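For reference, data-v5.csv is printed below; it contains CSV, C-alpha atoms.
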```csv
chain,number,residue,atom,x,y,z
A,1,MET,CA,-26.4,54.9,51.8
A,2,GLN,CA,-24.3,54.1,48.8
A,3,TYR,CA,-20.7,52.9,48.5
A,4,SER,CA,-18.9,52.5,45.2
A,5,SER,CA,-17.8,49.0,46.1
A,6,ASP,CA,-17.8,46.5,49.0
A,7,VAL,CA,-14.2,47.4,49.7
A,8,GLU,CA,-15.3,51.0,50.3
A,9,ALA,CA,-18.2,49.7,52.4
A,10,VAL,CA,-15.8,47.8,54.6
A,11,LYS,CA,-13.8,51.0,55.2
A,12,GLY,CA,-17.1,52.7,56.1
A,13,LEU,CA,-17.8,49.9,58.6
A,14,THR,CA,-14.4,50.1,60.3
A,15,ASP,CA,-14.6,53.9,60.4
A,16,ALA,CA,-18.1,53.7,62.0
A,17,TYR,CA,-16.7,51.1,64.5
A,18,LYS,CA,-13.8,53.4,65.5
A,19,ARG,CA,-16.1,56.4,65.9
A,20,LEU,CA,-18.5,54.4,68.1
A,21,LYS,CA,-15.6,53.2,70.3
A,22,ASP,CA,-14.4,56.8,70.6
A,23,GLU,CA,-17.9,58.0,71.7
A,24,ILE,CA,-18.3,55.2,74.2
A,25,GLY,CA,-14.8,55.8,75.5
A,26,LYS,CA,-15.9,59.3,76.7
A,27,VAL,CA,-18.1,57.6,79.3
A,28,ILE,CA,-16.8,54.0,79.8
A,29,PHE,CA,-13.2,53.4,80.9
A,30,GLY,CA,-11.1,50.3,80.6
A,31,GLN,CA,-13.7,47.8,79.3
A,32,GLU,CA,-12.3,47.6,75.8
A,33,ASP,CA,-12.9,43.8,75.3
A,34,VAL,CA,-16.5,44.1,76.5
A,35,VAL,CA,-17.2,47.1,74.2
A,36,ASN,CA,-15.6,45.2,71.2
A,37,LEU,CA,-17.8,42.2,71.8
A,38,LEU,CA,-21.0,44.3,72.2
A,39,LEU,CA,-20.4,46.2,69.0
A,40,THR,CA,-19.6,42.9,67.2
A,41,ALA,CA,-23.0,41.5,68.4
A,42,ILE,CA,-24.8,44.7,67.2
A,43,PHE,CA,-23.2,44.6,63.7
A,44,SER,CA,-23.9,40.8,63.5
A,45,GLN,CA,-27.6,41.3,64.4
A,46,GLY,CA,-27.2,39.4,67.7
A,47,HIS,CA,-28.5,39.9,71.2
A,48,CYS,CA,-26.1,40.2,74.1
A,49,LEU,CA,-26.1,39.2,77.8
A,50,LEU,CA,-23.8,41.0,80.2
A,51,VAL,CA,-23.1,39.2,83.5
A,52,GLY,CA,-21.4,40.8,86.5
A,53,VAL,CA,-21.9,42.0,90.1
A,54,PRO,CA,-23.7,45.3,90.6
A,55,GLY,CA,-21.8,48.5,90.1
A,56,LEU,CA,-19.7,47.5,87.1
A,57,ALA,CA,-21.5,50.0,84.7
A,58,LYS,CA,-23.3,47.3,82.7
A,59,THR,CA,-26.4,49.5,82.4
A,60,LEU,CA,-24.4,52.7,81.7
A,61,LEU,CA,-22.5,50.9,79.0
A,62,ILE,CA,-25.7,49.9,77.1
A,63,GLN,CA,-27.2,53.3,77.6
A,64,THR,CA,-24.1,54.9,76.2
A,65,ILE,CA,-24.2,52.6,73.1
A,66,ALA,CA,-27.8,53.5,72.6
A,67,ASP,CA,-26.9,57.2,72.8
A,68,ALA,CA,-24.3,56.7,70.1
A,69,LEU,CA,-26.8,55.0,67.8
A,70,ASP,CA,-29.6,57.2,66.3
A,71,LEU,CA,-32.3,54.6,67.3
A,72,PRO,CA,-35.3,54.5,69.6
A,73,PHE,CA,-34.3,53.0,73.0
A,74,ASN,CA,-36.3,51.6,75.9
A,75,ARG,CA,-35.1,50.4,79.2
A,76,ILE,CA,-37.1,47.7,81.1
A,77,GLN,CA,-36.2,47.2,84.7
A,78,PHE,CA,-37.0,43.5,85.5
A,79,THR,CA,-38.5,43.0,88.9
A,80,PRO,CA,-40.3,40.0,90.6
A,81,ASP,CA,-43.7,41.5,89.9
A,82,LEU,CA,-43.2,42.5,86.3
A,83,MET,CA,-45.9,41.0,84.0
A,84,PRO,CA,-45.5,39.9,80.3
A,85,SER,CA,-48.0,42.6,79.3
A,86,ASP,CA,-45.7,45.2,80.8
A,87,ILE,CA,-43.1,44.3,78.2
A,88,LEU,CA,-45.3,43.4,75.2
A,89,GLY,CA,-48.3,45.6,75.6
A,90,SER,CA,-52.0,44.7,76.0
A,91,GLU,CA,-55.4,45.2,74.5
A,92,THR,CA,-57.6,47.8,76.1
A,93,LEU,CA,-61.1,49.2,75.4
A,94,ASP,CA,-61.2,52.5,73.7
A,95,ASN,CA,-64.1,55.1,74.1
A,96,ASP,CA,-66.2,53.3,71.4
A,97,ARG,CA,-65.8,50.0,73.4
A,98,ASN,CA,-63.5,48.5,70.7
A,99,PHE,CA,-60.3,46.7,71.6
A,100,LYS,CA,-57.2,48.7,70.9
A,101,PHE,CA,-53.6,47.4,71.2
A,102,VAL,CA,-51.4,49.6,73.3
A,103,LYS,CA,-47.7,48.8,72.5
A,104,GLY,CA,-45.4,47.9,75.3
A,105,ALA,CA,-41.7,48.8,75.9
A,106,ILE,CA,-40.5,46.0,73.5
A,107,PHE,CA,-41.5,48.3,70.6
A,108,ALA,CA,-38.1,50.0,70.1
A,109,ASN,CA,-34.9,49.3,68.2
A,110,ILE,CA,-32.7,48.8,71.3
A,111,ILE,CA,-34.1,47.2,74.4
A,112,LEU,CA,-32.1,47.2,77.7
A,113,ALA,CA,-33.4,44.3,79.8
A,114,ASP,CA,-32.0,45.4,83.1
A,115,GLU,CA,-31.4,42.6,85.7
A,116,ILE,CA,-33.2,40.1,83.5
A,117,ASN,CA,-32.8,37.3,86.0
A,118,ARG,CA,-34.8,39.2,88.7
A,119,THR,CA,-38.1,38.3,87.1
A,120,PRO,CA,-39.9,34.9,87.0
A,121,PRO,CA,-39.7,32.6,84.0
A,122,LYS,CA,-43.1,33.5,82.7
A,123,THR,CA,-42.1,37.1,82.2
A,124,GLN,CA,-38.6,36.2,80.9
A,125,ALA,CA,-40.3,34.0,78.3
A,126,ALA,CA,-42.2,37.1,77.0
A,127,LEU,CA,-38.9,38.1,75.2
A,128,LEU,CA,-38.4,34.7,73.5
A,129,GLU,CA,-40.6,35.4,70.4
A,130,ALA,CA,-39.4,38.9,70.0
A,131,MET,CA,-35.7,37.9,70.1
A,132,GLN,CA,-36.1,35.1,67.6
A,133,GLU,CA,-39.0,36.1,65.3
A,134,TYR,CA,-38.7,39.9,65.6
A,135,ALA,CA,-42.5,40.0,66.3
A,136,VAL,CA,-44.9,39.6,69.2
A,137,THR,CA,-48.2,37.9,69.3
A,138,ILE,CA,-51.0,39.4,71.3
A,139,ALA,CA,-54.5,37.9,71.4
A,140,GLY,CA,-53.7,35.8,68.3
A,141,LYS,CA,-52.5,38.8,66.2
A,142,LYS,CA,-48.8,39.2,65.2
A,143,TYR,CA,-47.2,42.6,65.5
A,144,PRO,CA,-43.8,42.9,63.7
A,145,LEU,CA,-40.9,44.7,65.4
A,146,GLU,CA,-39.0,47.3,63.5
A,147,LYS,CA,-35.4,46.4,62.5
A,148,PRO,CA,-32.7,46.7,63.6
A,149,PHE,CA,-33.8,45.2,66.9
A,150,PHE,CA,-31.5,44.2,69.8
A,151,VAL,CA,-32.0,42.9,73.3
A,152,LEU,CA,-29.0,43.9,75.4
A,153,ALA,CA,-29.6,42.3,78.8
A,154,THR,CA,-27.8,42.6,82.1
A,155,GLN,CA,-27.7,39.9,84.7
A,156,ASN,CA,-26.4,39.6,88.3
A,157,PRO,CA,-24.7,36.3,89.2
A,158,ILE,CA,-27.2,33.6,90.1
A,159,GLU,CA,-25.6,33.3,93.6
A,160,GLN,CA,-27.2,36.6,94.6
A,161,GLU,CA,-30.5,36.6,96.4
A,162,GLY,CA,-33.8,37.0,94.6
A,163,THR,CA,-32.8,35.8,91.2
A,164,TYR,CA,-34.3,33.2,88.8
A,165,PRO,CA,-31.9,31.3,86.4
A,166,LEU,CA,-32.7,32.0,82.7
A,167,PRO,CA,-34.2,29.0,80.8
A,168,GLU,CA,-31.7,27.3,78.4
A,169,ALA,CA,-34.0,28.1,75.4
A,170,GLN,CA,-33.7,31.8,76.2
A,171,LEU,CA,-30.0,31.8,76.9
A,172,ASP,CA,-29.5,30.2,73.5
A,173,ARG,CA,-31.1,33.3,71.9
A,174,PHE,CA,-28.2,35.5,73.1
A,175,MET,CA,-25.3,35.6,70.7
A,176,PHE,CA,-22.8,36.5,73.4
A,177,ASN,CA,-22.6,35.9,77.1
A,178,ILE,CA,-20.1,38.6,78.2
A,179,MET,CA,-18.6,38.4,81.7
A,180,LEU,CA,-17.7,41.7,83.3
A,181,ASP,CA,-14.9,41.7,85.9
A,182,TYR,CA,-13.8,44.4,88.3
A,183,PRO,CA,-11.9,47.3,86.6
A,184,SER,CA,-8.1,47.6,86.9
A,185,TYR,CA,-6.6,50.0,89.4
A,186,GLU,CA,-5.8,52.6,86.7
A,187,SER,CA,-9.3,52.3,85.1
A,188,GLU,CA,-11.0,52.7,88.5
A,189,ILE,CA,-9.0,55.9,89.2
A,190,ALA,CA,-10.2,57.2,85.8
A,191,VAL,CA,-13.8,56.2,86.6
A,192,VAL,CA,-13.7,57.9,90.0
A,193,LYS,CA,-12.1,61.1,88.6
A,194,ASN,CA,-14.7,61.4,85.8
A,195,THR,CA,-17.8,60.5,87.7
A,196,THR,CA,-17.2,62.7,90.8
A,197,SER,CA,-16.6,65.9,88.9
A,198,ALA,CA,-19.1,68.4,87.4
A,199,LYS,CA,-17.9,67.6,83.9
A,200,LYS,CA,-20.5,65.7,81.8
A,201,ALA,CA,-19.5,63.9,78.6
A,202,GLN,CA,-21.5,64.5,75.5
A,203,VAL,CA,-22.0,61.4,73.4
A,204,ASN,CA,-22.7,62.2,69.7
A,205,LYS,CA,-24.8,60.1,67.4
A,206,VAL,CA,-22.7,58.0,65.0
A,207,LEU,CA,-24.9,55.6,63.1
A,208,THR,CA,-28.5,55.7,61.9
A,209,GLY,CA,-30.7,52.6,61.7
A,210,GLU,CA,-30.5,52.5,57.9
A,211,GLU,CA,-26.7,52.6,58.0
A,212,LEU,CA,-26.6,49.8,60.6
A,213,LEU,CA,-28.9,47.6,58.5
A,214,TYR,CA,-26.6,48.2,55.5
A,215,PHE,CA,-23.5,47.0,57.5
A,216,GLN,CA,-25.4,44.0,58.9
A,217,ASP,CA,-26.2,43.0,55.3
A,218,LEU,CA,-22.6,43.6,54.3
A,219,ILE,CA,-21.3,41.2,57.0
A,220,ARG,CA,-23.8,38.5,55.9
A,221,ARG,CA,-22.4,38.8,52.3
A,222,VAL,CA,-18.8,38.0,53.5
A,223,VAL,CA,-17.5,34.8,51.8
A,224,VAL,CA,-16.1,32.2,54.2
A,225,ALA,CA,-13.7,29.4,53.3
A,226,ASP,CA,-14.9,25.9,53.7
A,227,ASN,CA,-12.1,25.0,56.2
A,228,VAL,CA,-13.2,27.8,58.5
A,229,VAL,CA,-16.9,26.7,58.5
A,230,GLU,CA,-15.7,23.1,59.1
A,231,TYR,CA,-13.5,24.3,62.0
A,232,ALA,CA,-16.5,26.1,63.6
A,233,VAL,CA,-18.9,23.2,63.3
A,234,LYS,CA,-16.3,20.7,64.5
A,235,LEU,CA,-15.6,22.9,67.5
A,236,VAL,CA,-19.3,22.8,68.4
A,237,HIS,CA,-19.6,19.1,67.8
A,238,LYS,CA,-16.6,18.6,70.2
A,239,THR,CA,-18.8,20.0,73.0
A,240,ARG,CA,-21.5,17.3,72.7
A,241,PRO,CA,-20.7,14.4,75.1
A,242,ASN,CA,-21.2,10.8,74.0
A,243,THR,CA,-21.3,11.7,70.3
A,244,SER,CA,-18.9,10.5,67.6
A,245,MET,CA,-16.9,13.8,67.5
A,246,ALA,CA,-17.0,14.5,71.3
A,247,SER,CA,-13.7,15.5,72.9
A,248,ASN,CA,-12.4,13.8,76.1
A,249,GLU,CA,-13.2,17.0,78.0
A,250,ALA,CA,-16.8,16.9,76.9
A,251,ASN,CA,-17.2,13.2,77.8
A,252,GLN,CA,-15.6,13.8,81.2
A,253,PHE,CA,-17.0,17.1,82.3
A,254,LEU,CA,-20.1,18.1,80.3
A,255,GLU,CA,-23.8,17.2,80.8
A,256,TRP,CA,-24.7,18.5,77.3
A,257,GLY,CA,-23.1,20.7,74.6
A,258,ALA,CA,-24.0,23.5,72.2
A,259,GLY,CA,-26.6,23.4,69.5
A,260,PRO,CA,-26.5,24.5,65.9
A,261,ARG,CA,-27.1,28.1,66.7
A,262,ALA,CA,-23.6,28.2,68.2
A,263,SER,CA,-22.1,27.2,64.8
A,264,GLN,CA,-24.1,29.9,63.1
A,265,TYR,CA,-23.0,32.6,65.6
A,266,LEU,CA,-19.4,31.4,65.4
A,267,ILE,CA,-19.4,32.1,61.6
A,268,LEU,CA,-21.3,35.4,61.9
A,269,GLY,CA,-19.1,36.6,64.7
A,270,ALA,CA,-15.9,35.6,62.8
A,271,LYS,CA,-17.2,37.5,59.7
A,272,CYS,CA,-17.7,40.6,61.7
A,273,ASN,CA,-14.4,40.3,63.6
A,274,ALA,CA,-12.6,39.9,60.3
A,275,LEU,CA,-14.1,43.0,58.8
A,276,LEU,CA,-13.6,45.1,61.9
A,277,ASN,CA,-9.9,44.2,61.8
A,278,GLY,CA,-9.4,45.1,58.2
A,279,LYS,CA,-9.7,41.5,56.7
A,280,TYR,CA,-12.1,40.7,53.9
A,281,SER,CA,-12.7,37.0,54.9
A,282,PRO,CA,-12.5,35.3,58.3
A,283,ASP,CA,-9.9,32.7,59.2
A,284,ILE,CA,-9.7,30.2,62.1
A,285,GLU,CA,-8.3,32.9,64.4
A,286,ASP,CA,-11.5,35.0,64.0
A,287,VAL,CA,-13.6,32.0,65.0
A,288,LYS,CA,-11.4,31.5,68.1
A,289,ALA,CA,-11.7,35.2,69.0
A,290,VAL,CA,-15.5,34.9,69.4
A,291,ALA,CA,-15.7,31.3,70.7
A,292,LEU,CA,-15.6,31.9,74.4
A,293,PRO,CA,-18.6,34.3,74.8
A,294,ILE,CA,-20.6,32.2,72.2
A,295,LEU,CA,-20.1,28.8,73.9
A,296,ARG,CA,-19.9,29.9,77.5
A,297,HIS,CA,-23.7,29.8,78.1
A,298,ARG,CA,-24.4,26.9,75.7
A,299,ILE,CA,-22.6,24.1,77.5
A,300,VAL,CA,-23.6,22.7,80.9
A,301,ARG,CA,-21.0,21.1,83.2
A,302,ASN,CA,-21.8,17.8,84.9
A,303,PHE,CA,-21.4,17.0,88.6
A,304,LYS,CA,-17.8,15.8,88.2
A,305,ALA,CA,-16.7,19.2,86.7
A,306,GLU,CA,-18.5,21.1,89.5
A,307,ALA,CA,-17.0,18.9,92.2
A,308,GLU,CA,-13.5,19.3,90.8
A,309,GLY,CA,-13.9,23.1,90.3
A,310,ILE,CA,-13.4,23.0,86.6
A,311,SER,CA,-15.0,26.1,85.0
A,312,VAL,CA,-16.8,26.3,81.7
A,313,GLU,CA,-14.0,28.7,80.5
A,314,ASN,CA,-11.3,26.1,81.3
A,315,ILE,CA,-13.2,23.5,79.3
A,316,ILE,CA,-13.7,25.8,76.3
A,317,LYS,CA,-10.0,26.8,76.3
A,318,LYS,CA,-9.0,23.1,76.2
A,319,LEU,CA,-11.4,22.6,73.3
A,320,LEU,CA,-9.7,25.4,71.4
```

Could you spell out this file's structure in structure tokens?
Amino acid sequence: MQYSSDVEAVKGLTDAYKRLKDEIGKVIFGQEDVVNLLLTAIFSQGHCLLVGVPGLAKTLLIQTIADALDLPFNRIQFTPDLMPSDILGSETLDNDRNFKFVKGAIFANIILADEINRTPPKTQAALLEAMQEYAVTIAGKKYPLEKPFFVLATQNPIEQEGTYPLPEAQLDRFMFNIMLDYPSYESEIAVVKNTTSAKKAQVNKVLTGEELLYFQDLIRRVVVADNVVEYAVKLVHKTRPNTSMASNEANQFLEWGAGPRASQYLILGAKCNALLNGKYSPDIEDVKAVALPILRHRIVRNFKAEAEGISVENIIKKLL
């Protein structure tokens, strides 16, 4: 796809964003902030983790986004007996008794990892290389994954039975950790009316993989002022207890803070947020707009914070 200038390309991006939201809105009601963050992650080439109790349409939301993008999509239902080979693929003997690699479900552009915390750590770890390196290694041979590539995962709260907490190394691979809450009264009425009738919404394709890659590259090319980069990095440093730039909240209530990947995602998310809102360069408000879902899963509270009932969200709001 060709645009005469980057200004035209930004208009193309905002137009595609609005059309995507319109298509998703045919099926999903009242989750506007969640949809905005998911689309921001997709345009920023980041993976997303959606956390909420069952029945909040996490899976439906991701399937609807996949329907609106003209890309191959695979859904993996994570269960306690799921093996890494079920995700990545395995080598089998063909008729000539030669080993042949049979690709697993990971070989698609959009992966829905449904209830990712219902499977043991060994299987969860099978996603790590794919999410970071965009490749998988089987029997010593590396197989690249086609771009664009996203893992959009759903997770039930850890308090529920039969769940395994995700390792910190894997949580860090997700750009956003998005919390889904119960719908409002009005939204739930719309949900019930639309899901209990014979009417079926038709979601149209909005973006191809080639167009999506173009917009991802466009976001990377956005110029950011030094003071915005410094603000993002300073914010991350403030989360690290017992360091020179640590905040009082971090020293009091945090076991450890966010790593450098948080700083990178704050700037990428701010770039995308700026373009989607008609600005050509992000400011500090754009960093603040994406800070909560980026930092939420990267900082760990200490015993004092847990005992006093101080949430991660409260700590982040104080840091901002």

Find the residues near Val233 in chain A: any atom within 12 Å, counting all atoms listed in the file, skip ones fewer than 6 places away on the same chain, and give them as a PyMOL selection string.
chain A and resi 226-227+239-240+245-246+258-267+284+287+291

Rounded to one decimal, what separation in Å do you get between CA of Leu56 in chain A and CA of Asn277 in chain A?
27.3 Å

Place a sphere of radius 6 Å on (-13.7, 49.2, 62.5) in the file coordinates and name every protein, DNA or RNA residue with an atom inside or on its surface, counting all atoms listed in the file; give the answer as a list in words.
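Here the neighbourhood of the point contains Leu13, Thr14, Asp15, Tyr17, Lys18 and Leu276 of chain A.
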
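What separates CA of Phe149 in chain A from CA of Pro84 in chain A is a distance of 18.6 Å.
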
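Counting all atoms listed in the file, the residue from A:Gln170, A:Thr154, A:Lys141, A:Arg301 that sits nearest to Val53 in chain A is A:Thr154.
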
Can you pull out the residues contacting range 28-31 of chain A? Cut-off 10 Å, using all atoms listed in the file, and skip same-chain residues under 3 positions away; I want them as a list in words.
Lys21, Asp22, Glu23, Ile24, Gly25, Val34, Val35, Asn36, Leu56, Ala57, Lys58, Leu60, Leu61, Thr64, Leu180, Asp181, Tyr182, Pro183, Ser184, Tyr185, Glu186, Ser187, Glu188, Ile189, Ala190, Val191 and Asn194 of chain A

In Å, with one decimal, what is the gap from CA of Asn117 in chain A to CA of Ala305 in chain A?
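These two atoms are separated by 24.2 Å.
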
Choose the residue, out of A:Ile62, A:Leu88, A:Ala41, A:Ala105, that has the smallest atom-to-atom separation from Lys142 in chain A; count all atoms listed in the file.
A:Leu88

Can you pull out every residue within 9 Å of Arg220 in chain A, counting all atoms listed in the file, but drop anything in the same chain fewer than 2 positions away, and send it as an mmCIF file with C-alpha atoms, keeping the file's coordinate frame?
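Okay, this is what ended up in selection.cif:
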```
data_model
loop_
_atom_site.group_PDB
_atom_site.id
_atom_site.type_symbol
_atom_site.label_atom_id
_atom_site.label_comp_id
_atom_site.auth_asym_id
_atom_site.auth_seq_id
_atom_site.Cartn_x
_atom_site.Cartn_y
_atom_site.Cartn_z
ATOM 1 C CA SER A 44 -23.900 40.800 63.500
ATOM 2 C CA PHE A 215 -23.500 47.000 57.500
ATOM 3 C CA GLN A 216 -25.400 44.000 58.900
ATOM 4 C CA ASP A 217 -26.200 43.000 55.300
ATOM 5 C CA LEU A 218 -22.600 43.600 54.300
ATOM 6 C CA VAL A 222 -18.800 38.000 53.500
ATOM 7 C CA VAL A 223 -17.500 34.800 51.800
ATOM 8 C CA LEU A 268 -21.300 35.400 61.900
ATOM 9 C CA LYS A 271 -17.200 37.500 59.700
ATOM 10 C CA CYS A 272 -17.700 40.600 61.700
#
```

Residues near Leu292 in chain A, cut-off 9 Å, all atoms listed in the file, skip fewer than 5 positions along chain, as a ChimeraX atom specification:
/A:176-178,313,316-317

Of the listed residues A:Arg298, A:Glu91, A:Gly269, A:Ile106, that which approaches Gly140 in chain A most closely, counting only C-alpha atoms:
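Comparing A:Arg298, A:Glu91, A:Gly269, A:Ile106 against Gly140 in chain A, the winner is A:Glu91.
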
Using only C-alpha atoms, determine which residues lie at most 8 Å from range 131-137 of chain A, disregarding the query and same-chain residues fewer than 2 positions distant; provide the list as a PyMOL selection string.
chain A and resi 47+88+127-129+139-147+149-151+173

Would you save the residues of that selection, restricted to C-alpha atoms, as an mmCIF file, in the frame of the given file?
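This went into result_20.cif:
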```
data_model
loop_
_atom_site.group_PDB
_atom_site.id
_atom_site.type_symbol
_atom_site.label_atom_id
_atom_site.label_comp_id
_atom_site.auth_asym_id
_atom_site.auth_seq_id
_atom_site.Cartn_x
_atom_site.Cartn_y
_atom_site.Cartn_z
ATOM 1 C CA HIS A 47 -28.500 39.900 71.200
ATOM 2 C CA LEU A 88 -45.300 43.400 75.200
ATOM 3 C CA LEU A 127 -38.900 38.100 75.200
ATOM 4 C CA LEU A 128 -38.400 34.700 73.500
ATOM 5 C CA GLU A 129 -40.600 35.400 70.400
ATOM 6 C CA ALA A 139 -54.500 37.900 71.400
ATOM 7 C CA GLY A 140 -53.700 35.800 68.300
ATOM 8 C CA LYS A 141 -52.500 38.800 66.200
ATOM 9 C CA LYS A 142 -48.800 39.200 65.200
ATOM 10 C CA TYR A 143 -47.200 42.600 65.500
ATOM 11 C CA PRO A 144 -43.800 42.900 63.700
ATOM 12 C CA LEU A 145 -40.900 44.700 65.400
ATOM 13 C CA GLU A 146 -39.000 47.300 63.500
ATOM 14 C CA LYS A 147 -35.400 46.400 62.500
ATOM 15 C CA PHE A 149 -33.800 45.200 66.900
ATOM 16 C CA PHE A 150 -31.500 44.200 69.800
ATOM 17 C CA VAL A 151 -32.000 42.900 73.300
ATOM 18 C CA ARG A 173 -31.100 33.300 71.900
#
```

Just checking: using all atoms listed in the file, which residue out of A:Pro148, A:Pro282, A:Gly309, A:Pro120 ends up closest to Phe43 in chain A?
A:Pro148
